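K.L.:
Below you'll find the structure I mean.
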Amino acid sequence: MDGRQREEGGGERRDGDGGTREVFLVTARAKRTKVDLYATILEVIRRYPEGGRITRISYGVGVPVDRLKVMVEALSANGLVRKIAAEDEEGDEAGVYYYGVTSRGLEFLEIYWKMKGFLAAFGEDGN
């Protein structure tokens, strides 16, 4: 670690001998709940009215594709996301899928954001 020390806080700190040393600011990202992840997935998919592909959704959510597929399938099984098969030039399924938000998914998002607002009003973070 090239002589620098890792501590919480930032800026410079005084050593015992009167010198200074650089200190890194350590920030920890709060772990997202499953509900927060589902809402984020739906928000990202909603950006693409024609449907979003799994890789693009993965980048938007910040979750690896393999984990995202499981979550999107769960959302689909509960009627929050629709899976649309792409067709090639001959009209056959190309094995490529697009995902769109259903009206039930939009309803979920509306309720989710209302609940987040209520929790913020009560001083809770929702986690």
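Identifiers in this document derive from the order of the structure tokens: chains are assigned A, B, ..., residues are numbered from 1 separately in each chain, and ligands are numbered from 1 in order of occurrence.
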Can you tell me which residues surround Arg53 (chain A) at a distance of at most 10 Å, considering only C-alpha atoms, apart from same-chain residues fewer than 5 positions away, and format the answer as a PDB file with C-alpha atoms, in the first residue's frame?

P.N.:
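Below is the file that was written, result-v4.pdb:
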```
ATOM      1  CA  ILE A  45     -36.445  -1.313 -17.515  1.00  0.00           C
ATOM      2  CA  TYR A  48     -36.723   1.522 -22.410  1.00  0.00           C
ATOM      3  CA  SER A  58     -27.434  -5.111 -15.785  1.00  0.00           C
ATOM      4  CA  LYS A  83     -40.452 -11.031 -21.403  1.00  0.00           C
ATOM      5  CA  ILE A  84     -40.532 -10.319 -25.134  1.00  0.00           C
ATOM      6  CA  VAL A  96     -32.759 -12.776 -27.632  1.00  0.00           C
ATOM      7  CA  TYR A  97     -35.203 -11.345 -25.116  1.00  0.00           C
ATOM      8  CA  TYR A  98     -36.313  -7.851 -24.255  1.00  0.00           C
ATOM      9  CA  TYR A  99     -37.955  -6.957 -20.965  1.00  0.00           C
ATOM     10  CA  GLY A 100     -40.676  -4.410 -20.320  1.00  0.00           C
TER      11      GLY A 100
END
```

K.L.:
Which value, in Å to one decimal, gives the distance between CA of Ser76 (chain A) and CA of Arg32 (chain A)?

P.N.:
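Pair CA of Ser76 (chain A) / CA of Arg32 (chain A) returns 20.4 Å.
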
K.L.:
Write out as CSV a residue-level contact list of region 46-95 of chain A versus region 104-120 of chain A with cut-off 8 Å: for each qualifying residue the closest pair of atoms and the distance in Å to one decimal, counting only C-alpha atoms, rows sorted by chain and residue number upward.

P.N.:
```
residue,atom,partner,partner_atom,distance
A:Gly79,CA,A:Arg104,CA,6.6
A:Leu80,CA,A:Gly105,CA,4.0
A:Val81,CA,A:Gly105,CA,6.4
```

K.L.:
Those same residues - C-alpha atoms - I'd like them written as a short mmCIF file (atom, residue, chain, number, x, y, z; two decimals), in the first residue's frame.

P.N.:
```cif
data_model
loop_
_atom_site.label_atom_id
_atom_site.label_comp_id
_atom_site.auth_asym_id
_atom_site.auth_seq_id
_atom_site.Cartn_x
_atom_site.Cartn_y
_atom_site.Cartn_z
CA GLY A 79 -46.38 -10.26 -13.33
CA LEU A 80 -44.24 -7.14 -12.84
CA VAL A 81 -42.09 -7.64 -15.95
#
```

K.L.:
Rounded to one decimal, what separation in Å do you get between CA of Ile41 (chain A) and CA of Phe122 (chain A)?

P.N.:
25.8 Å

K.L.:
CA of Glu73 (chain A) and CA of Lys31 (chain A), how far apart in Å?

P.N.:
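Computing the Euclidean distance for CA of Lys31 (chain A) and CA of Glu73 (chain A) yields 21.7 Å.
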
K.L.:
With only C-alpha atoms as the atoms that count, which of A:Ala85, A:Leu37, A:Ala74, A:Val65 lies nearest to Gly51 (chain A)?

P.N.:
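Once distances to Gly51 (chain A) are computed over only C-alpha atoms, the minimum belongs to A:Ala85.
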